[in-house]
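Okay, data.csv is below, CSV, C-alpha atoms:
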```csv
chain,number,residue,atom,x,y,z
A,1,MET,CA,94.9,-95.9,-83.6
A,2,ALA,CA,91.2,-96.9,-83.9
A,3,ALA,CA,89.1,-94.9,-86.1
A,4,SER,CA,86.4,-94.6,-83.6
A,5,GLU,CA,88.6,-92.6,-81.3
A,6,SER,CA,88.6,-89.6,-83.6
A,7,GLN,CA,85.8,-90.0,-86.1
A,8,PRO,CA,82.1,-89.0,-85.8
A,9,GLY,CA,79.3,-91.5,-85.7
A,10,SER,CA,78.4,-93.4,-88.9
A,11,GLN,CA,75.9,-92.0,-91.3
A,12,SER,CA,74.2,-93.9,-94.1
A,13,PRO,CA,74.8,-92.9,-97.7
A,14,LEU,CA,72.5,-90.3,-99.2
A,15,GLU,CA,69.0,-91.8,-99.6
A,16,SER,CA,67.4,-91.4,-103.1
A,17,PRO,CA,64.0,-89.8,-103.4
A,18,SER,CA,62.5,-93.0,-104.6
A,19,ALA,CA,63.9,-95.0,-101.7
A,20,GLU,CA,62.7,-92.4,-99.2
A,21,GLN,CA,59.2,-92.5,-100.7
A,22,LEU,CA,59.1,-96.3,-100.6
A,23,ARG,CA,60.2,-96.2,-97.0
A,24,LYS,CA,57.7,-93.6,-95.9
A,25,GLY,CA,54.9,-95.1,-98.0
A,26,PHE,CA,52.1,-93.2,-99.8
A,27,LYS,CA,48.8,-94.0,-98.0
A,28,TRP,CA,46.9,-91.2,-99.8
A,29,LEU,CA,48.3,-92.1,-103.2
A,30,ARG,CA,50.5,-89.0,-103.5
A,31,PHE,CA,54.3,-88.7,-103.7
A,32,SER,CA,56.4,-85.9,-102.3
A,33,GLY,CA,58.1,-83.2,-104.5
A,34,PRO,CA,58.7,-83.7,-108.2
A,35,LEU,CA,58.1,-87.5,-107.9
A,36,GLU,CA,54.4,-86.9,-108.1
A,37,GLN,CA,54.7,-85.0,-111.4
A,38,ASP,CA,57.1,-87.6,-112.8
A,39,PHE,CA,54.6,-90.3,-112.0
A,40,ARG,CA,51.7,-88.5,-113.5
A,41,GLU,CA,53.6,-88.0,-116.8
A,42,ALA,CA,54.8,-91.6,-116.8
A,43,TYR,CA,51.2,-92.8,-116.1
A,44,ARG,CA,49.8,-90.7,-118.9
A,45,ALA,CA,52.4,-91.9,-121.3
A,46,GLN,CA,51.8,-95.6,-120.3
A,47,SER,CA,48.0,-95.4,-120.5
A,48,ARG,CA,47.7,-93.3,-123.7
A,49,VAL,CA,47.3,-96.1,-126.2
A,50,ALA,CA,44.9,-98.0,-123.9
A,51,VAL,CA,42.8,-94.8,-123.5
A,52,GLN,CA,42.7,-94.4,-127.3
A,53,LEU,CA,41.5,-97.9,-127.8
A,54,ASN,CA,39.0,-97.6,-124.9
A,55,LEU,CA,37.5,-94.5,-126.4
A,56,TRP,CA,37.0,-96.2,-129.8
A,57,LEU,CA,35.3,-99.1,-128.0
A,58,CYS,CA,33.1,-96.6,-126.1
A,59,LEU,CA,32.2,-94.8,-129.4
A,60,SER,CA,31.2,-98.1,-131.0
A,61,LEU,CA,29.1,-99.1,-127.9
A,62,VAL,CA,27.3,-95.7,-127.9
A,63,ILE,CA,26.4,-96.0,-131.6
A,64,THR,CA,25.4,-99.7,-131.2
A,65,PHE,CA,23.2,-98.9,-128.2
A,66,ALA,CA,21.5,-96.0,-130.1
A,67,LEU,CA,20.8,-98.3,-133.1
A,68,ILE,CA,19.4,-101.1,-130.8
A,69,ALA,CA,17.2,-98.5,-129.0
A,70,ARG,CA,15.8,-97.3,-132.3
A,71,ALA,CA,14.9,-100.8,-133.2
A,72,ILE,CA,13.3,-102.0,-130.0
A,73,LEU,CA,12.0,-98.9,-128.1
A,74,PRO,CA,8.6,-97.4,-128.6
A,75,GLU,CA,8.3,-94.5,-131.0
A,76,GLY,CA,9.2,-91.3,-129.2
A,77,THR,CA,11.4,-93.0,-126.7
A,78,ASP,CA,13.8,-94.1,-129.5
A,79,ARG,CA,13.9,-90.5,-130.8
A,80,LEU,CA,14.9,-89.3,-127.3
A,81,VAL,CA,17.7,-91.9,-127.1
A,82,MET,CA,18.9,-91.0,-130.6
A,83,LEU,CA,18.8,-87.3,-129.6
A,84,PHE,CA,21.0,-87.8,-126.5
A,85,SER,CA,23.3,-90.1,-128.4
A,86,ALA,CA,23.8,-87.8,-131.4
A,87,GLY,CA,23.8,-84.5,-129.4
A,88,ILE,CA,25.6,-85.5,-126.2
A,89,PHE,CA,27.2,-88.9,-126.0
A,90,VAL,CA,28.9,-89.2,-129.4
A,91,PRO,CA,30.3,-85.6,-129.2
A,92,ILE,CA,31.7,-86.2,-125.7
A,93,VAL,CA,33.5,-89.4,-126.9
A,94,LEU,CA,34.7,-87.7,-130.1
A,95,LEU,CA,36.0,-84.7,-128.1
A,96,SER,CA,37.8,-87.2,-125.8
A,97,LEU,CA,39.3,-88.9,-128.8
A,98,VAL,CA,40.6,-85.7,-130.2
A,99,GLY,CA,42.2,-84.9,-126.9
A,100,ALA,CA,43.8,-88.4,-126.7
A,101,TYR,CA,45.4,-88.0,-130.1
A,102,SER,CA,46.3,-84.3,-129.8
A,103,PRO,CA,49.7,-83.0,-128.7
A,104,LEU,CA,47.8,-81.3,-125.9
A,105,TYR,CA,47.2,-84.7,-124.4
A,106,TRP,CA,50.1,-84.4,-122.0
A,107,ARG,CA,48.7,-81.1,-120.5
A,108,TRP,CA,45.0,-81.3,-120.8
A,109,HIS,CA,43.9,-84.9,-120.9
A,110,SER,CA,43.4,-85.4,-117.2
A,111,LEU,CA,41.4,-82.2,-116.8
A,112,MET,CA,39.3,-82.8,-119.9
A,113,VAL,CA,38.4,-86.4,-118.8
A,114,GLN,CA,37.5,-85.2,-115.3
A,115,VAL,CA,34.9,-83.0,-117.0
A,116,LEU,CA,33.7,-85.1,-119.8
A,117,ALA,CA,33.5,-88.5,-118.0
A,118,PRO,CA,31.0,-87.3,-115.3
A,119,ALA,CA,29.2,-85.3,-117.9
A,120,PHE,CA,28.6,-88.5,-119.9
A,121,GLY,CA,27.4,-90.3,-116.8
A,122,VAL,CA,25.1,-87.5,-115.6
A,123,ASN,CA,23.4,-87.2,-119.0
A,124,LEU,CA,23.0,-90.9,-119.1
A,125,VAL,CA,21.3,-90.7,-115.7
A,126,PHE,CA,18.9,-88.0,-117.0
A,127,LEU,CA,18.1,-90.1,-120.0
A,128,ALA,CA,17.3,-93.1,-117.8
A,129,LEU,CA,15.0,-91.1,-115.5
A,130,MET,CA,13.2,-89.4,-118.4
A,131,VAL,CA,12.2,-92.8,-120.0
A,132,ARG,CA,9.4,-93.8,-117.7
A,133,GLY,CA,9.1,-97.5,-117.1
A,134,LEU,CA,12.6,-98.3,-118.4
A,135,GLU,CA,14.6,-96.9,-115.4
A,136,THR,CA,16.0,-100.3,-114.3
A,137,SER,CA,16.7,-101.2,-117.9
A,138,PHE,CA,19.2,-98.4,-118.1
A,139,LEU,CA,21.0,-99.5,-114.9
A,140,PRO,CA,23.5,-101.7,-116.8
A,141,GLY,CA,24.5,-98.8,-118.9
A,142,LEU,CA,25.0,-96.6,-115.8
A,143,VAL,CA,27.1,-99.4,-114.2
A,144,LEU,CA,29.2,-99.6,-117.3
A,145,ALA,CA,29.6,-95.8,-117.3
A,146,ILE,CA,30.9,-95.9,-113.8
A,147,ILE,CA,33.2,-98.8,-114.4
A,148,SER,CA,34.5,-97.0,-117.5
A,149,ILE,CA,35.3,-94.0,-115.4
A,150,TYR,CA,37.4,-96.1,-113.0
A,151,PHE,CA,39.2,-98.3,-115.5
A,152,LEU,CA,39.0,-97.1,-119.1
A,153,ALA,CA,39.3,-93.3,-118.9
A,154,GLY,CA,42.9,-93.1,-117.8
A,155,LEU,CA,42.1,-91.3,-114.6
A,156,THR,CA,44.0,-91.8,-111.3
A,157,PHE,CA,42.1,-92.9,-108.2
A,158,PHE,CA,40.8,-89.6,-106.7
A,159,PRO,CA,39.6,-88.0,-109.9
A,160,ALA,CA,37.9,-91.3,-110.9
A,161,ALA,CA,36.3,-91.6,-107.5
A,162,ARG,CA,35.0,-88.0,-107.6
A,163,SER,CA,33.6,-88.6,-111.1
A,164,GLY,CA,31.9,-91.9,-110.1
A,165,LEU,CA,30.3,-90.3,-107.1
A,166,ILE,CA,29.0,-87.4,-109.2
A,167,VAL,CA,27.1,-89.9,-111.3
A,168,LEU,CA,25.7,-91.6,-108.2
A,169,ALA,CA,24.7,-88.2,-106.7
A,170,ALA,CA,23.0,-87.2,-110.0
A,171,TYR,CA,21.0,-90.5,-109.9
A,172,VAL,CA,19.9,-89.9,-106.2
A,173,VAL,CA,19.0,-86.3,-106.7
A,174,GLY,CA,17.3,-87.0,-110.1
A,175,SER,CA,15.3,-89.8,-108.6
A,176,ALA,CA,14.0,-87.5,-105.8
A,177,PHE,CA,12.6,-85.1,-108.4
A,178,SER,CA,11.3,-87.7,-110.9
A,179,THR,CA,8.2,-90.0,-110.9
A,180,ILE,CA,10.2,-93.1,-110.3
A,181,GLU,CA,8.9,-95.3,-107.5
A,182,LEU,CA,10.9,-95.2,-104.2
A,183,ASP,CA,11.8,-98.9,-104.3
A,184,ARG,CA,13.2,-98.6,-107.8
A,185,ALA,CA,15.1,-95.5,-106.8
A,186,LEU,CA,16.6,-97.2,-103.8
A,187,TYR,CA,17.5,-100.3,-105.9
A,188,GLY,CA,19.2,-98.2,-108.5
A,189,SER,CA,21.0,-96.1,-106.0
A,190,LEU,CA,22.3,-99.3,-104.2
A,191,VAL,CA,23.4,-100.8,-107.5
A,192,LEU,CA,25.4,-97.6,-108.5
A,193,LEU,CA,26.8,-97.3,-104.9
A,194,SER,CA,28.0,-100.9,-105.2
A,195,ALA,CA,29.6,-100.2,-108.6
A,196,ASN,CA,31.4,-97.2,-107.1
A,197,ILE,CA,32.7,-99.2,-104.1
A,198,ILE,CA,33.9,-102.1,-106.3
A,199,GLY,CA,35.4,-99.7,-108.8
A,200,ALA,CA,37.1,-97.5,-106.2
A,201,THR,CA,38.5,-100.5,-104.3
A,202,VAL,CA,40.1,-102.1,-107.3
A,203,CYS,CA,41.2,-98.8,-108.8
A,204,TYR,CA,42.9,-97.8,-105.5
A,205,ARG,CA,44.8,-101.1,-105.3
A,206,LEU,CA,45.8,-100.9,-109.0
A,207,GLU,CA,47.1,-97.4,-108.6
A,208,LYS,CA,49.0,-98.4,-105.4
A,209,VAL,CA,50.7,-101.3,-107.4
A,210,ASN,CA,51.4,-98.9,-110.3
A,211,ARG,CA,53.0,-96.4,-107.9
A,212,THR,CA,55.1,-99.0,-106.2
A,213,ASN,CA,56.3,-100.4,-109.5
A,214,PHE,CA,57.1,-96.8,-110.6
A,215,LEU,CA,59.2,-96.2,-107.5
A,216,GLU,CA,61.0,-99.6,-107.7
A,217,ALA,CA,61.8,-99.0,-111.4
A,218,ARG,CA,63.2,-95.6,-110.6
A,219,LEU,CA,65.1,-97.0,-107.6
A,220,LEU,CA,66.8,-99.6,-109.8
A,221,LYS,CA,67.7,-96.9,-112.3
A,222,GLU,CA,69.0,-94.7,-109.5
A,223,MET,CA,71.0,-97.6,-108.0
A,224,ALA,CA,72.7,-98.1,-111.4
A,225,SER,CA,73.5,-94.4,-111.6
A,226,ARG,CA,74.8,-93.9,-108.0
A,227,ASP,CA,78.2,-94.7,-106.5
A,228,GLY,CA,77.8,-97.8,-104.3
A,229,LEU,CA,80.0,-96.4,-101.5
A,230,THR,CA,78.9,-92.8,-101.1
A,231,GLY,CA,75.4,-92.8,-102.5
A,232,ILE,CA,75.9,-89.8,-104.8
A,233,TYR,CA,75.9,-90.1,-108.6
A,234,ASN,CA,78.7,-92.0,-110.3
A,235,ARG,CA,81.2,-91.1,-113.0
A,236,ARG,CA,79.0,-92.4,-115.9
A,237,ILE,CA,76.1,-90.2,-114.9
A,238,LEU,CA,78.4,-87.3,-114.4
A,239,ASP,CA,79.8,-87.6,-117.9
A,240,GLU,CA,76.2,-87.8,-119.3
A,241,HIS,CA,75.1,-84.8,-117.2
A,242,VAL,CA,78.1,-82.7,-118.3
A,243,ASP,CA,77.2,-83.4,-122.0
A,244,THR,CA,73.6,-82.5,-121.4
A,245,VAL,CA,74.3,-79.3,-119.5
A,246,TRP,CA,76.9,-78.3,-122.0
A,247,GLN,CA,74.4,-78.5,-124.9
A,248,GLN,CA,71.7,-76.7,-122.9
A,249,ALA,CA,74.0,-73.9,-121.8
A,250,MET,CA,75.3,-73.5,-125.3
A,251,ARG,CA,71.7,-72.9,-126.6
A,252,GLU,CA,70.9,-70.5,-123.8
A,253,ARG,CA,74.3,-68.8,-123.6
A,254,ALA,CA,74.4,-69.6,-119.9
A,255,PRO,CA,77.5,-69.8,-117.8
A,256,ILE,CA,78.2,-73.2,-116.2
A,257,ALA,CA,80.8,-74.4,-113.7
A,258,LEU,CA,82.6,-77.6,-112.8
A,259,LEU,CA,84.3,-78.0,-109.4
A,260,LEU,CA,86.7,-80.9,-109.0
A,261,VAL,CA,87.1,-81.6,-105.3
A,262,ASP,CA,90.1,-83.7,-104.1
A,263,ILE,CA,90.6,-84.8,-100.5
A,264,ASP,CA,94.0,-83.7,-99.3
A,265,TYR,CA,96.5,-86.4,-98.3
A,266,PHE,CA,93.8,-89.1,-98.3
A,267,LYS,CA,96.4,-91.9,-98.7
A,268,ALA,CA,98.0,-90.8,-95.4
A,269,TYR,CA,94.5,-90.7,-93.9
A,270,ASN,CA,93.9,-94.3,-95.0
A,271,ASP,CA,97.3,-95.4,-93.7
A,272,TYR,CA,96.7,-93.8,-90.3
A,273,PHE,CA,93.1,-94.8,-89.7
A,274,GLY,CA,92.6,-97.8,-92.0
A,275,HIS,CA,90.5,-98.3,-95.1
A,276,GLN,CA,87.2,-98.6,-93.3
A,277,ALA,CA,87.6,-95.2,-91.7
A,278,GLY,CA,88.6,-93.9,-95.2
A,279,ASP,CA,85.4,-95.3,-96.7
A,280,GLU,CA,83.4,-93.6,-93.9
A,281,ALA,CA,85.3,-90.3,-94.6
A,282,LEU,CA,84.4,-90.6,-98.3
A,283,ARG,CA,80.7,-90.9,-97.3
A,284,HIS,CA,80.9,-87.9,-95.1
A,285,VAL,CA,82.5,-85.8,-97.8
A,286,ALA,CA,80.0,-86.9,-100.4
A,287,GLN,CA,77.1,-86.0,-98.1
A,288,SER,CA,78.7,-82.6,-97.4
A,289,LEU,CA,79.1,-81.9,-101.1
A,290,ALA,CA,75.5,-82.8,-101.8
A,291,ARG,CA,74.4,-80.4,-99.1
A,292,SER,CA,76.6,-77.7,-100.6
A,293,ALA,CA,75.0,-78.0,-104.1
A,294,ARG,CA,71.6,-76.6,-103.1
A,295,ARG,CA,69.9,-75.4,-106.2
A,296,PRO,CA,67.6,-77.8,-108.3
A,297,LEU,CA,70.1,-78.0,-111.2
A,298,ASP,CA,73.2,-78.3,-109.0
A,299,PHE,CA,74.7,-81.8,-109.4
A,300,ALA,CA,77.3,-83.7,-107.2
A,301,ALA,CA,79.0,-86.9,-108.2
A,302,ARG,CA,82.0,-89.1,-107.3
A,303,TYR,CA,84.7,-88.5,-110.0
A,304,GLY,CA,86.9,-91.4,-108.9
A,305,GLY,CA,88.9,-92.4,-105.8
A,306,GLU,CA,89.0,-89.5,-103.4
A,307,GLU,CA,87.9,-87.0,-106.1
A,308,PHE,CA,84.5,-85.6,-106.5
A,309,ALA,CA,82.8,-83.2,-108.9
A,310,VAL,CA,80.1,-80.6,-108.6
A,311,VAL,CA,78.3,-79.2,-111.7
A,312,LEU,CA,76.6,-75.8,-111.5
A,313,TYR,CA,74.2,-74.4,-114.1
A,314,TYR,CA,73.9,-70.7,-114.7
A,315,ALA,CA,76.8,-70.2,-112.4
A,316,THR,CA,78.6,-66.8,-112.3
A,317,ARG,CA,82.1,-66.6,-110.8
A,318,GLU,CA,80.6,-65.1,-107.7
A,319,TYR,CA,78.3,-68.1,-107.2
A,320,VAL,CA,81.2,-70.5,-107.8
A,321,GLU,CA,83.2,-68.7,-105.1
A,322,GLU,CA,80.1,-69.0,-102.8
A,323,VAL,CA,79.7,-72.7,-103.4
A,324,ALA,CA,83.5,-73.4,-103.0
A,325,ALA,CA,83.5,-71.4,-99.7
A,326,ARG,CA,80.4,-73.4,-98.5
A,327,ILE,CA,82.2,-76.7,-99.3
A,328,ARG,CA,85.2,-75.7,-97.3
A,329,GLN,CA,83.1,-74.5,-94.4
A,330,ASN,CA,81.2,-77.8,-94.4
A,331,MET,CA,84.4,-79.7,-94.4
A,332,GLU,CA,85.5,-77.7,-91.3
A,333,ALA,CA,82.2,-78.5,-89.7
A,334,LEU,CA,82.7,-82.2,-90.2
A,335,ALA,CA,85.8,-81.9,-88.1
A,336,LEU,CA,87.3,-85.2,-89.3
A,337,LYS,CA,90.6,-85.4,-87.6
A,338,HIS,CA,93.7,-85.9,-89.8
A,339,PRO,CA,96.8,-86.2,-87.6
A,340,ALA,CA,98.8,-87.4,-90.7
A,341,SER,CA,98.1,-84.2,-92.7
A,342,PRO,CA,101.0,-81.7,-92.9
A,343,ILE,CA,98.7,-78.7,-93.6
A,344,ALA,CA,95.8,-79.0,-91.1
A,345,LYS,CA,94.6,-81.0,-88.1
A,346,HIS,CA,91.4,-82.0,-89.8
A,347,LEU,CA,90.5,-83.4,-93.2
A,348,THR,CA,90.6,-80.7,-96.0
A,349,VAL,CA,90.0,-80.5,-99.7
A,350,SER,CA,91.5,-78.8,-102.7
A,351,ILE,CA,89.1,-77.4,-105.3
A,352,GLY,CA,89.7,-76.6,-108.9
A,353,ALA,CA,86.8,-74.8,-110.6
A,354,ALA,CA,86.2,-74.1,-114.3
A,355,CYS,CA,83.6,-71.4,-115.1
A,356,VAL,CA,82.8,-71.0,-118.8
A,357,VAL,CA,80.1,-70.0,-121.3
A,358,PRO,CA,80.0,-72.9,-123.8
A,359,ALA,CA,80.5,-72.0,-127.5
A,360,PRO,CA,80.0,-74.1,-130.7
A,361,GLU,CA,83.8,-74.2,-131.4
A,362,ARG,CA,84.5,-75.6,-127.9
A,363,SER,CA,83.8,-79.0,-126.3
A,364,PRO,CA,83.0,-80.4,-122.8
A,365,PHE,CA,86.5,-82.1,-122.8
A,366,GLY,CA,88.2,-78.7,-122.5
A,367,PHE,CA,85.7,-77.7,-119.8
A,368,VAL,CA,86.7,-80.7,-117.7
A,369,GLN,CA,90.4,-80.2,-118.5
A,370,LEU,CA,90.2,-76.6,-117.3
A,371,ALA,CA,88.8,-77.7,-114.0
A,372,ASP,CA,91.5,-80.3,-113.7
A,373,GLU,CA,94.2,-77.7,-114.5
A,374,ALA,CA,92.7,-75.5,-111.7
A,375,LEU,CA,92.8,-78.4,-109.3
A,376,TYR,CA,96.4,-79.1,-110.2
A,377,GLU,CA,97.2,-75.5,-109.5
A,378,ALA,CA,95.4,-75.6,-106.2
A,379,LYS,CA,97.5,-78.6,-105.1
A,380,GLY,CA,100.6,-76.9,-106.4
A,381,GLN,CA,100.0,-73.8,-104.3
A,382,GLY,CA,99.8,-75.8,-101.1
A,383,ARG,CA,96.3,-77.5,-101.1
A,384,ASN,CA,93.4,-76.7,-98.8
A,385,ARG,CA,92.3,-73.9,-101.2
A,386,CYS,CA,90.2,-73.2,-104.3
A,387,ILE,CA,91.4,-72.0,-107.7
A,388,ILE,CA,88.9,-70.8,-110.2
A,389,MET,CA,89.8,-70.5,-113.9
A,390,ASP,CA,87.6,-68.8,-116.5
A,391,LYS,CA,89.7,-66.5,-118.8
A,392,GLU,CA,92.4,-69.2,-119.1
A,393,TYR,CA,89.9,-71.2,-121.2
A,394,GLU,CA,90.6,-69.0,-124.2
A,395,GLN,CA,94.3,-70.0,-124.3
A,396,MET,CA,93.9,-73.7,-123.6
A,397,SER,CA,93.7,-76.8,-125.9
A,398,THR,CA,92.6,-80.3,-125.1
A,399,GLY,CA,95.5,-82.6,-124.1
A,400,SER,CA,98.0,-80.0,-123.1
A,401,PHE,CA,98.5,-80.9,-119.5
A,402,ARG,CA,100.7,-80.4,-116.5
A,403,LYS,CA,103.0,-77.8,-118.1
A,404,THR,CA,105.8,-76.3,-115.9
A,405,TYR,CA,104.2,-72.9,-115.6
A,406,SER,CA,102.8,-70.9,-112.7
A,407,SER,CA,99.3,-69.6,-112.5
A,408,ASP,CA,100.2,-66.2,-114.0
A,409,VAL,CA,102.4,-67.4,-116.9
A,410,ARG,CA,100.8,-69.7,-119.4
A,411,PRO,CA,101.9,-70.6,-123.0
A,412,GLU,CA,99.8,-69.7,-126.0
A,413,LEU,CA,98.0,-72.8,-127.2
A,414,ALA,CA,96.7,-72.8,-130.8
A,415,ARG,CA,94.3,-75.6,-131.0
A,416,ARG,CA,91.1,-75.0,-129.0
A,417,ALA,CA,89.1,-77.7,-127.1
```

Structure translated into structure tokens:
Amino acid sequence: MAASESQPGSQSPLESPSAEQLRKGFKWLRFSGPLEQDFREAYRAQSRVAVQLNLWLCLSLVITFALIARAILPEGTDRLVMLFSAGIFVPIVLLSLVGAYSPLYWRWHSLMVQVLAPAFGVNLVFLALMVRGLETSFLPGLVLAIISIYFLAGLTFFPAARSGLIVLAAYVVGSAFSTIELDRALYGSLVLLSANIIGATVCYRLEKVNRTNFLEARLLKEMASRDGLTGIYNRRILDEHVDTVWQQAMRERAPIALLLVDIDYFKAYNDYFGHQAGDEALRHVAQSLARSARRPLDFAARYGGEEFAVVLYYATREYVEEVAARIRQNMEALALKHPASPIAKHLTVSIGAACVVPAPERSPFGFVQLADEALYEAKGQGRNRCIIMDKEYEQMSTGSFRKTYSSDVRPELARRA
């Protein structure tokens, strides 16, 4: 019998967030959901050393500029420059340096620079307009300040563009209230506008490249962590996740659960429909499991063959029962016909669930074994059902498997997992 006669239409494997974002694009330089926060953290980490070096360079330039001004500018003007440098420019750069080296860098750096960078530029504008006759001589410094905002301060495009435009607006407004000639004011405004346009254009393109590289790197990592057939996480990532969740739950004394989900009579399904239909069924089941694990810390993976795993954090027995019922309901909704099954007309699953609170004297190996024991029991009781084990964990030891006992009669096992 052809698989197309009884199976629903083909669906693609689950699309990763990075692949979806690459497909949709990011015209306004912003990602959807937690990807944006991840990018910002990665960008801050990547640019931290460069920002520190740039700030030291900026500090040396400010000090050098002040010393040169003192040597070549007329008396009075040089004092004004020194006053601005010592009272405003140097403190701003030093405060930025403290922030760049502080543990608070990760939380406050972006906000701090968005305040300090335009403050630096605005004060430089005021200094330029106060020194009559030398307005155009200060233009290179203003241009450097704007370029620094775009490329040296570690800001993303929109905060950098906002800061650069604040400096431009300060020059335009300041020129209107100063004694500077109109032609000089227009010239200076045009120069600063050009610096903003060039800086914004290059900054936009650089950030777009950085964001694309970020998504592609994540996509490569996700591809290595996902099962090639079903699109959900693979066994290696599952093992790492279980270890991580176990340690975290042990610290927080939180209950966790592992559900092992096995497709009933899958070999018979493959024999009846063929392996291509079997692969398609695995994809459907994987997508169904991923939809069943709804909470942010819920985790679905392919365990091997026709077996899947779902890890739940802070999972009470009631929540485990709810998820297991949802999985079985979703399987019924798939309505994948299974004429070769002796227990149902459609594809069904058996679920074995372990629900425990990790303790220092126990290990994740026993946690996985308990779920496996529960799955074995579910199959022994006729399949197409869920068995949840929690209290049995206290009487189980790693490696004691497949004993000839029923679910209500278990031997005492001395060595704990």

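With distances restricted to only C-alpha atoms, A:His338 is the closest residue to A:Tyr272 from A:Arg294, A:Lys345, A:His338, A:Lys208.
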
- Task: List every protein, DNA or RNA residue that has an atom no more than 12 Å from (98.4, -89.1, -98.2) in the file's coordinate frame, counting all atoms listed in the file, and report them as number ranges by chain.
- Result: A: 262-273, 278, 306, 338-343, 347-348

Saved selection, atoms kept: C-alpha atoms, as a PDB file, in the frame of the given file:
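The file below, part_31.pdb, is the result:
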```pdb
ATOM      1  CA  ASP A 262      90.100 -83.700-104.100  1.00  0.00           C
ATOM      2  CA  ILE A 263      90.600 -84.800-100.500  1.00  0.00           C
ATOM      3  CA  ASP A 264      94.000 -83.700 -99.300  1.00  0.00           C
ATOM      4  CA  TYR A 265      96.500 -86.400 -98.300  1.00  0.00           C
ATOM      5  CA  PHE A 266      93.800 -89.100 -98.300  1.00  0.00           C
ATOM      6  CA  LYS A 267      96.400 -91.900 -98.700  1.00  0.00           C
ATOM      7  CA  ALA A 268      98.000 -90.800 -95.400  1.00  0.00           C
ATOM      8  CA  TYR A 269      94.500 -90.700 -93.900  1.00  0.00           C
ATOM      9  CA  ASN A 270      93.900 -94.300 -95.000  1.00  0.00           C
ATOM     10  CA  ASP A 271      97.300 -95.400 -93.700  1.00  0.00           C
ATOM     11  CA  TYR A 272      96.700 -93.800 -90.300  1.00  0.00           C
ATOM     12  CA  PHE A 273      93.100 -94.800 -89.700  1.00  0.00           C
ATOM     13  CA  GLY A 278      88.600 -93.900 -95.200  1.00  0.00           C
ATOM     14  CA  GLU A 306      89.000 -89.500-103.400  1.00  0.00           C
ATOM     15  CA  HIS A 338      93.700 -85.900 -89.800  1.00  0.00           C
ATOM     16  CA  PRO A 339      96.800 -86.200 -87.600  1.00  0.00           C
ATOM     17  CA  ALA A 340      98.800 -87.400 -90.700  1.00  0.00           C
ATOM     18  CA  SER A 341      98.100 -84.200 -92.700  1.00  0.00           C
ATOM     19  CA  PRO A 342     101.000 -81.700 -92.900  1.00  0.00           C
ATOM     20  CA  ILE A 343      98.700 -78.700 -93.600  1.00  0.00           C
ATOM     21  CA  LEU A 347      90.500 -83.400 -93.200  1.00  0.00           C
ATOM     22  CA  THR A 348      90.600 -80.700 -96.000  1.00  0.00           C
TER      23      THR A 348
END
```

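Checking A:Ile68, A:Leu192, A:Val261, A:Leu94 one by one against A:Gly121, counting all atoms listed in the file, you find the shortest gap at A:Leu192.
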
- Query: Which residue, A:Arg211, A:Pro140, A:Glu322, A:Pro118, has the smallest gap to A:Leu165 when you use all atoms listed in the file?
  - Reply: A:Pro118

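Atom CA of A:Ser137 sits 16.8 Å away from atom CA of A:Gly76.
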
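In this model, the gap between atom CA of A:Ala301 and atom CA of A:Gly25 comes to 27.4 Å.
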
Could you produce a table of the residues of stretch 142-213 of chain A lying within 10 Å of stretch 35-48 of chain A, with the nearest pair of atoms per residue and their separation in Å rounded to one decimal, using only C-alpha atoms, ordered by chain and increasing residue number, as a Markdown table?
```
| residue | atom | partner | partner_atom | distance |
| --- | --- | --- | --- | --- |
| A:Leu152 | CA | A:Ser47 | CA | 9.3 |
| A:Ala153 | CA | A:Ser47 | CA | 9.1 |
| A:Gly154 | CA | A:Ser47 | CA | 6.2 |
| A:Leu155 | CA | A:Arg44 | CA | 8.8 |
| A:Thr156 | CA | A:Arg40 | CA | 8.7 |
| A:Glu207 | CA | A:Tyr43 | CA | 9.7 |
| A:Asn210 | CA | A:Tyr43 | CA | 8.4 |
| A:Arg211 | CA | A:Phe39 | CA | 7.5 |
```

- Query: Near A:Ala333, within 10 Å and counting all atoms listed in the file, which residues show up once chain neighbours fewer than 4 positions away are dropped, as a VMD selection string?
  - Reply: chain A and resid 288 327 to 329 346

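Taking atom CA of A:Ala315 and atom CA of A:Ala249 as endpoints, the distance between them is 10.5 Å.
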
Would you tabulate, counting all atoms listed in the file, all residues of stretch 241-329 of chain A that have an atom at most 12 Å from an atom of stretch 222-231 of chain A, showing the closest pair of atoms and their distance in Å to one decimal, sorted by chain then ascending number, as a Markdown table?
```
| residue | atom | partner | partner_atom | distance |
| --- | --- | --- | --- | --- |
| A:His241 | CA | A:Ser225 | CA | 11.2 |
| A:Gln276 | CA | A:Leu229 | CA | 11.1 |
| A:Gly278 | CA | A:Leu229 | CA | 10.9 |
| A:Asp279 | CA | A:Leu229 | CA | 7.3 |
| A:Glu280 | CA | A:Thr230 | CA | 8.5 |
| A:Ala281 | CA | A:Thr230 | CA | 9.5 |
| A:Leu282 | CA | A:Thr230 | CA | 6.6 |
| A:Arg283 | CA | A:Thr230 | CA | 4.6 |
| A:His284 | CA | A:Thr230 | CA | 8.0 |
| A:Val285 | CA | A:Thr230 | CA | 8.5 |
| A:Ala286 | CA | A:Thr230 | CA | 6.0 |
| A:Gln287 | CA | A:Thr230 | CA | 7.6 |
| A:Ser288 | CA | A:Thr230 | CA | 10.9 |
| A:Leu289 | CA | A:Thr230 | CA | 10.9 |
| A:Ala290 | CA | A:Gly231 | CA | 10.0 |
| A:Ala300 | CA | A:Gly231 | CA | 10.4 |
| A:Ala301 | CA | A:Asp227 | CA | 8.0 |
| A:Arg302 | CA | A:Asp227 | CA | 6.8 |
| A:Tyr303 | CA | A:Asp227 | CA | 9.6 |
| A:Gly304 | CA | A:Asp227 | CA | 9.6 |
| A:Gly305 | CA | A:Leu229 | CA | 10.7 |
| A:Glu306 | CA | A:Thr230 | CA | 10.9 |
| A:Glu307 | CA | A:Thr230 | CA | 11.8 |
| A:Phe308 | CA | A:Thr230 | CA | 10.6 |
```
